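Engineer: What follows is the file structure22.txt, containing compact mmCIF, C-alpha atoms:
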# COMPACT_ATOMS: atom_id res chain seq x y z
CA MET A 5 26.46 72.52 92.49
CA THR A 6 29.12 74.53 90.68
CA HIS A 7 32.77 73.92 90.01
CA THR A 8 35.44 76.45 90.93
CA HIS A 9 38.56 74.52 89.97
CA ALA A 10 41.37 76.24 88.11
CA ARG A 11 41.31 76.04 84.34
CA SER A 12 44.05 74.53 82.20
CA THR A 13 44.69 73.76 78.55
CA THR A 14 43.03 70.72 77.03
CA GLN A 15 45.31 67.92 75.85
CA THR A 16 44.75 66.78 72.30
CA GLY A 17 45.81 63.90 70.14
CA SER A 18 44.62 61.37 67.61
CA GLY A 19 42.18 58.73 68.76
CA PRO A 20 39.31 56.44 67.83
CA GLY A 21 36.06 57.36 66.15
CA ALA A 22 36.73 56.92 62.45
CA GLY A 23 33.68 58.00 60.49
CA ARG A 24 31.91 59.34 63.58
CA GLY A 25 33.39 62.74 64.26
CA GLU A 26 37.15 62.13 64.31
CA GLY A 27 39.72 64.84 63.65
CA ALA A 28 40.20 68.39 64.77
CA VAL A 29 37.19 70.57 65.47
CA ARG A 30 36.90 74.00 66.98
CA ALA A 31 34.71 75.00 69.86
CA ALA A 32 32.06 77.45 68.74
CA GLY A 33 30.28 79.74 71.15
CA ASP A 34 29.91 83.42 71.95
CA GLY A 35 33.43 84.27 70.88
CA ARG A 36 34.82 83.96 74.39
CA VAL A 37 36.95 80.98 73.40
CA PRO A 38 37.97 81.52 69.74
CA ASP A 39 39.62 78.79 67.66
CA VAL A 40 40.28 76.24 70.38
CA PRO A 41 41.27 72.93 68.74
CA VAL A 42 39.65 69.80 70.12
CA THR A 43 40.23 66.23 69.00
CA VAL A 44 38.48 62.95 69.73
CA SER A 45 41.06 61.23 71.91
CA THR A 46 41.27 58.71 74.72
CA ASP A 47 44.78 59.78 75.69
CA GLY A 48 45.14 60.43 79.41
CA LEU A 49 41.62 59.40 80.43
CA PRO A 50 41.22 58.26 84.04
CA ALA A 51 41.06 54.47 84.29
CA TRP A 52 37.44 54.52 85.46
CA LEU A 53 36.37 55.99 82.11
CA ASP A 54 38.06 53.26 80.05
CA PRO A 55 34.93 51.04 80.01
CA VAL A 56 32.85 53.91 78.62
CA ALA A 57 35.44 54.68 75.94
CA ARG A 58 35.60 51.02 74.91
CA ALA A 59 31.83 50.70 74.75
CA ALA A 60 31.58 53.77 72.52
CA LEU A 61 33.68 52.01 69.87
CA THR A 62 31.41 49.00 69.45
CA ILE A 63 27.94 49.88 70.71
CA ARG A 64 25.18 49.75 68.10
CA PRO A 65 22.18 52.10 67.90
CA GLN A 66 19.77 49.26 68.70
CA GLN A 67 21.64 48.64 71.95
CA LEU A 68 20.94 52.18 73.09
CA SER A 69 17.31 52.77 72.17
CA ARG A 70 14.38 51.45 70.20
CA PHE A 71 13.87 54.96 68.86
CA LEU A 72 16.23 55.37 65.91
CA PRO A 73 16.48 58.15 63.29
CA PRO A 74 13.97 57.85 60.44
CA GLU A 75 15.38 56.19 57.33
CA SER A 76 13.93 59.08 55.33
CA GLY A 77 16.47 61.42 56.90
CA ALA A 78 13.74 63.45 58.58
CA GLY A 79 14.39 65.04 61.94
CA ARG A 80 16.32 68.01 63.26
CA GLN A 81 19.99 67.23 63.80
CA SER A 82 21.20 67.96 67.32
CA ALA A 83 23.82 66.91 69.85
CA VAL A 84 24.22 66.64 73.62
CA LEU A 85 27.36 66.68 75.75
CA VAL A 86 27.60 63.71 78.12
CA LEU A 87 30.27 65.20 80.35
CA PHE A 88 32.03 63.19 83.04
CA GLY A 89 34.06 64.93 85.73
CA GLU A 90 35.72 64.26 89.06
CA GLY A 91 34.01 65.84 92.05
CA GLU A 92 34.20 65.74 95.83
CA ARG A 93 32.47 62.35 95.81
CA GLY A 94 34.38 60.92 92.89
CA PRO A 95 33.21 60.48 89.27
CA GLU A 96 30.21 62.61 88.36
CA LEU A 97 28.03 63.67 85.43
CA LEU A 98 26.96 67.19 84.44
CA LEU A 99 23.23 67.77 84.00
CA MET A 100 20.90 70.73 83.75
CA GLU A 101 17.20 71.34 84.23
CA ARG A 102 15.41 72.94 81.33
CA ALA A 103 13.29 76.01 81.97
CA GLY A 104 9.61 75.31 82.52
CA THR A 105 8.60 77.78 79.81
CA LEU A 106 10.33 76.03 76.90
CA ARG A 107 8.19 74.61 74.11
CA SER A 108 9.78 71.15 74.17
CA HIS A 109 10.86 69.04 77.15
CA ALA A 110 10.07 71.88 79.56
CA GLY A 111 11.27 71.41 83.13
CA GLN A 112 13.07 68.16 82.40
CA PRO A 113 16.62 67.35 83.56
CA SER A 114 18.84 66.85 80.54
CA PHE A 115 22.34 66.89 79.16
CA PRO A 116 23.51 70.27 77.82
CA GLY A 117 22.89 70.37 74.10
CA GLY A 118 20.72 71.50 71.24
CA ALA A 119 20.26 71.74 67.50
CA LEU A 120 23.14 72.02 65.08
CA ASP A 121 23.71 75.44 63.53
CA PRO A 122 25.08 75.88 60.00
CA GLU A 123 28.38 77.16 61.39
CA ASP A 124 28.86 73.88 63.28
CA GLY A 125 29.82 72.22 60.01
CA ASP A 126 29.21 68.77 58.57
CA GLN A 127 26.44 67.02 60.50
CA ALA A 128 27.90 63.63 59.56
CA THR A 129 31.34 64.26 61.06
CA THR A 130 32.47 67.24 63.12
CA GLY A 131 29.18 69.15 63.37
CA PRO A 132 27.76 67.30 66.39
CA LEU A 133 31.00 67.74 68.36
CA ARG A 134 31.05 71.45 67.75
CA ALA A 135 27.34 71.79 68.52
CA ALA A 136 27.61 69.86 71.80
CA LEU A 137 30.44 72.07 73.05
CA ARG A 138 28.84 75.28 71.81
CA GLU A 139 25.46 74.51 73.39
CA ALA A 140 27.08 73.46 76.67
CA GLU A 141 28.92 76.77 76.80
CA GLU A 142 25.80 78.75 75.99
CA GLU A 143 23.60 76.92 78.51
CA THR A 144 25.95 76.38 81.45
CA GLY A 145 28.89 78.75 80.95
CA LEU A 146 31.18 75.75 80.58
CA ASP A 147 34.65 76.54 79.22
CA PRO A 148 35.09 74.08 76.31
CA ARG A 149 38.88 74.40 76.56
CA GLY A 150 38.68 72.15 79.61
CA VAL A 151 36.77 69.36 77.84
CA GLN A 152 38.39 66.37 76.16
CA VAL A 153 36.01 64.65 73.74
CA PHE A 154 36.76 60.93 73.97
CA GLY A 155 33.93 59.30 72.07
CA VAL A 156 30.71 59.64 70.10
CA LEU A 157 27.67 57.41 70.46
CA PRO A 158 25.33 56.50 67.57
CA ARG A 159 22.58 58.93 66.65
CA LEU A 160 19.24 58.40 68.40
CA TYR A 161 15.75 59.81 67.91
CA ILE A 162 13.28 61.64 70.16
CA PRO A 163 9.88 61.15 68.48
CA VAL A 164 7.98 63.70 70.58
CA SER A 165 10.20 66.57 69.40
CA GLY A 166 11.59 65.17 66.16
CA PHE A 167 15.25 65.60 67.19
CA VAL A 168 17.97 63.31 65.87
CA VAL A 169 20.49 63.40 68.71
CA THR A 170 24.20 62.56 68.73
CA PRO A 171 25.53 61.97 72.28
CA VAL A 172 29.09 63.31 72.51
CA LEU A 173 31.18 61.88 75.36
CA GLY A 174 33.47 64.27 77.21
CA TRP A 175 36.00 64.16 80.04
CA TRP A 176 36.06 67.35 82.13
CA ARG A 177 39.84 67.45 82.24
CA ALA A 178 40.01 71.05 83.48
CA PRO A 179 36.73 71.92 85.26
CA SER A 180 35.44 75.48 85.05
CA PRO A 181 32.63 77.29 86.92
CA VAL A 182 29.17 76.46 85.58
CA GLY A 183 25.71 77.77 86.31
CA VAL A 184 22.56 79.17 84.73
CA VAL A 185 23.41 81.50 81.85
CA ASP A 186 19.91 82.28 80.58
CA PRO A 187 16.98 81.57 82.95
CA ALA A 188 14.68 81.51 79.93
CA GLU A 189 16.43 78.31 78.81
CA THR A 190 17.88 76.76 81.95
CA ALA A 191 16.44 76.48 85.45
CA ARG A 192 19.56 75.06 87.10
CA VAL A 193 22.86 73.31 86.43
CA PHE A 194 24.07 70.51 88.65
CA THR A 195 26.34 67.48 88.87
CA VAL A 196 25.37 63.97 89.93
CA PRO A 197 27.88 61.50 91.42
CA VAL A 198 28.09 58.31 89.38
CA ALA A 199 27.78 56.48 92.71
CA ASP A 200 24.28 57.93 93.08
CA LEU A 201 23.33 56.93 89.53
CA THR A 202 24.37 53.33 90.20
CA ASP A 203 22.78 53.16 93.66
CA PRO A 204 19.75 50.81 93.40
CA ALA A 205 17.89 52.99 95.92
CA ASN A 206 17.87 55.83 93.36
CA ARG A 207 16.58 53.79 90.44
CA ALA A 208 13.03 53.25 89.22
CA THR A 209 10.87 52.82 86.13
CA ALA A 210 9.11 55.98 84.98
CA VAL A 211 5.60 55.42 83.60
CA HIS A 212 4.10 58.04 81.31
CA PRO A 213 0.29 58.44 81.06
CA SER A 214 0.65 57.41 77.40
CA GLY A 215 1.75 54.00 78.62
CA HIS A 216 5.41 54.37 77.69
CA SER A 217 7.84 53.34 80.40
CA GLY A 218 11.58 53.67 80.78
CA PRO A 219 14.43 53.95 83.28
CA ALA A 220 14.51 56.81 85.77
CA PHE A 221 16.90 58.15 88.38
CA LEU A 222 15.88 60.03 91.53
CA VAL A 223 18.97 62.13 92.23
CA GLU A 224 19.82 65.68 93.37
CA SER A 225 16.14 66.49 94.06
CA ALA A 226 15.32 65.66 90.45
CA LEU A 227 13.59 62.89 88.54
CA VAL A 228 15.74 62.12 85.50
CA TRP A 229 13.75 60.24 82.88
CA GLY A 230 13.13 60.04 79.14
CA PHE A 231 15.97 60.33 76.63
CA THR A 232 18.53 61.46 79.21
CA ALA A 233 17.81 58.62 81.62
CA GLY A 234 17.85 56.14 78.75
CA VAL A 235 21.34 57.17 77.69
CA ILE A 236 22.62 57.12 81.28
CA ASP A 237 21.05 53.70 81.83
CA ARG A 238 22.78 52.23 78.77
CA ILE A 239 26.15 53.79 79.62
CA VAL A 240 25.93 52.43 83.17
CA HIS A 241 25.03 49.01 81.78
CA TYR A 242 27.67 48.71 79.07
CA ALA A 243 30.38 50.22 81.27
CA GLY A 244 29.75 47.39 83.73
CA TRP A 245 28.69 49.75 86.51
CA GLU A 246 25.10 48.53 86.82
CA ARG A 247 23.95 47.05 90.11
CA PRO A 248 20.77 44.97 90.47
CA TRP A 249 17.78 47.25 91.06
CA ASP A 250 14.04 46.85 91.48
CA ARG A 251 12.57 47.25 88.00
CA ASP A 252 9.07 46.87 89.43
CA ARG A 253 9.45 50.11 91.38
CA GLN A 254 7.41 52.60 89.36
CA VAL A 255 7.31 56.38 89.36
CA PRO A 256 4.26 57.88 87.59
CA LEU A 257 4.83 60.95 85.44
CA ASP A 258 2.48 63.90 85.41
CA TRP A 259 0.28 64.04 82.31
CA ARG A 260 1.74 67.45 81.43
CA THR A 261 5.30 66.15 81.07
Using structure tokens, write down the structure from this file.
Structural biologist:
Amino acid sequence: MTHTHARSTTQTGSGPGAGRGEGAVRAAGDGRVPDVPVTVSTDGLPAWLDPVARAALTIRPQQLSRFLPPESGAGRQSAVLVLFGEGERGPELLLMERAGTLRSHAGQPSFPGGALDPEDGDQATTGPLRAALREAEEETGLDPRGVQVFGVLPRLYIPVSGFVVTPVLGWWRAPSPVGVVDPAETARVFTVPVADLTDPANRATAVHPSGHSGPAFLVESALVWGFTAGVIDRIVHYAGWERPWDRDRQVPLDWRT
């Protein structure tokens, strides 16, 4: 599913997030959108996003995942863009499916994102914001001028790939067309209605051959699991959107995943 809405200028302002990426940053990318200022701000958010913005201010790493960054500081710093928009069926979330030929997390649905580059800046403050917007532009063609960053979640860890990931929360204030930019990296780009993510019929527990289990969502002809599903699950929970679902319903994962 792609968006074809008209573009408009992002609104900016001062907002919460002290010590976790506050202040002005600039969207990096392929040069198509040079020097576009972006601030972490909750100004003008739709009311339905208020619970997510409030949760982002107080949520602790342990409330999001049992996999936390190593105390040694090891791990590759990265960021993902958790982008909420308004679609034909109401609130929705932007996801993509990684190409099946990638070395890590091949074929998995995920948020747009990737590793921080040196030009993204300080990894402790503005770097993750810049990286999330830059990677989203590179992977989906998203115009970062239409994104309002309204929060930053605590850093989490993906042991299998060694990534330390900062989830950056965005409101798609001015949607732009999105789609596959590089087939070598991305298989498809799609949006999922929040109503589908909260529908108990679309929820299950994914069980990996290793024995690890975690939340999963069966939406848009995709099985969303792993890190991405874990973040969505916690956002849905702490935003107060969660509906009772059958946690005994299991979906086995292929041994190659």
Engineer: Which value, in Å to one decimal, gives the distance between atom CA of Glu90 of chain A and atom CA of Gly145 of chain A?
Structural biologist: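 Computed distance, atom CA of Glu90 of chain A to atom CA of Gly145 of chain A, equals 18.0 Å.
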Engineer: Could you pull the residues within 6 Å of Leu173 of chain A, counting all atoms listed in the file, minus those fewer than 4 positions along the same chain, as an MDAnalysis selection string?
Structural biologist: chainID A and resid 86 153:156
Engineer: Rounded to one decimal place, report the atom CA of Val56 of chain A-atom CA of Ala243 of chain A distance in Å.
Structural biologist: 5.2 Å
Engineer: Leaving out Val172 of chain A and any residue of its chain fewer than 6 positions from it, which residues lie within 10 Å of it when counting all atoms listed in the file, given as a list in words?
Structural biologist: Gly25, Val44, Ala60, Ala83, Val84, Leu85, Val86, Leu87, Gly117, Pro132, Leu133, Arg134, Ala135, Ala136, Leu137, Val153, Phe154, Gly155, Val156, Leu157, Pro158 and Arg159 of chain A
Engineer: Please save C-alpha atoms of the selected residues as a PDB file, in the frame of the given file.
Structural biologist:
ATOM      1  CA  GLY A  25      33.390  62.740  64.260  1.00  0.00           C
ATOM      2  CA  VAL A  44      38.480  62.950  69.730  1.00  0.00           C
ATOM      3  CA  ALA A  60      31.580  53.770  72.520  1.00  0.00           C
ATOM      4  CA  ALA A  83      23.820  66.910  69.850  1.00  0.00           C
ATOM      5  CA  VAL A  84      24.220  66.640  73.620  1.00  0.00           C
ATOM      6  CA  LEU A  85      27.360  66.680  75.750  1.00  0.00           C
ATOM      7  CA  VAL A  86      27.600  63.710  78.120  1.00  0.00           C
ATOM      8  CA  LEU A  87      30.270  65.200  80.350  1.00  0.00           C
ATOM      9  CA  GLY A 117      22.890  70.370  74.100  1.00  0.00           C
ATOM     10  CA  PRO A 132      27.760  67.300  66.390  1.00  0.00           C
ATOM     11  CA  LEU A 133      31.000  67.740  68.360  1.00  0.00           C
ATOM     12  CA  ARG A 134      31.050  71.450  67.750  1.00  0.00           C
ATOM     13  CA  ALA A 135      27.340  71.790  68.520  1.00  0.00           C
ATOM     14  CA  ALA A 136      27.610  69.860  71.800  1.00  0.00           C
ATOM     15  CA  LEU A 137      30.440  72.070  73.050  1.00  0.00           C
ATOM     16  CA  VAL A 153      36.010  64.650  73.740  1.00  0.00           C
ATOM     17  CA  PHE A 154      36.760  60.930  73.970  1.00  0.00           C
ATOM     18  CA  GLY A 155      33.930  59.300  72.070  1.00  0.00           C
ATOM     19  CA  VAL A 156      30.710  59.640  70.100  1.00  0.00           C
ATOM     20  CA  LEU A 157      27.670  57.410  70.460  1.00  0.00           C
ATOM     21  CA  PRO A 158      25.330  56.500  67.570  1.00  0.00           C
ATOM     22  CA  ARG A 159      22.580  58.930  66.650  1.00  0.00           C
TER      23      ARG A 159
END
Engineer: Write out, as JSON lines, each residue of segment 159-183 of chain A that has an atom at most 12 Å from segment 110-116 of chain A, together with the closest pair of atoms and their distance in Å to one decimal, counting all atoms listed in the file, rows going by chain and rising number.
Structural biologist:
{"residue": "A:Ser165", "atom": "CA", "partner": "A:Ala110", "partner_atom": "CA", "distance": 11.5}
{"residue": "A:Val169", "atom": "CA", "partner": "A:Phe115", "partner_atom": "CA", "distance": 11.2}
{"residue": "A:Thr170", "atom": "CA", "partner": "A:Phe115", "partner_atom": "CA", "distance": 11.4}
{"residue": "A:Pro171", "atom": "CA", "partner": "A:Phe115", "partner_atom": "CA", "distance": 9.0}
{"residue": "A:Val172", "atom": "CA", "partner": "A:Phe115", "partner_atom": "CA", "distance": 10.1}
{"residue": "A:Leu173", "atom": "CA", "partner": "A:Phe115", "partner_atom": "CA", "distance": 10.8}
{"residue": "A:Gly174", "atom": "CA", "partner": "A:Phe115", "partner_atom": "CA", "distance": 11.6}
{"residue": "A:Val182", "atom": "CA", "partner": "A:Pro116", "partner_atom": "CA", "distance": 11.4}
{"residue": "A:Gly183", "atom": "CA", "partner": "A:Pro116", "partner_atom": "CA", "distance": 11.5}
Engineer: Under the rule that all atoms listed in the file are counted, which of A:Phe167, A:Phe194, A:Phe88, A:Trp249 is the nearest residue to Thr144 of chain A?
Structural biologist: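 Counting all atoms listed in the file, the residue closest to Thr144 of chain A is A:Phe194.
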Engineer: Give me, please, the distance in Å between atom CA of Val255 of chain A and atom CA of Ala210 of chain A, quoted to one decimal.
Structural biologist: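 Between atom CA of Val255 of chain A and atom CA of Ala210 of chain A the gap works out to 4.8 Å.
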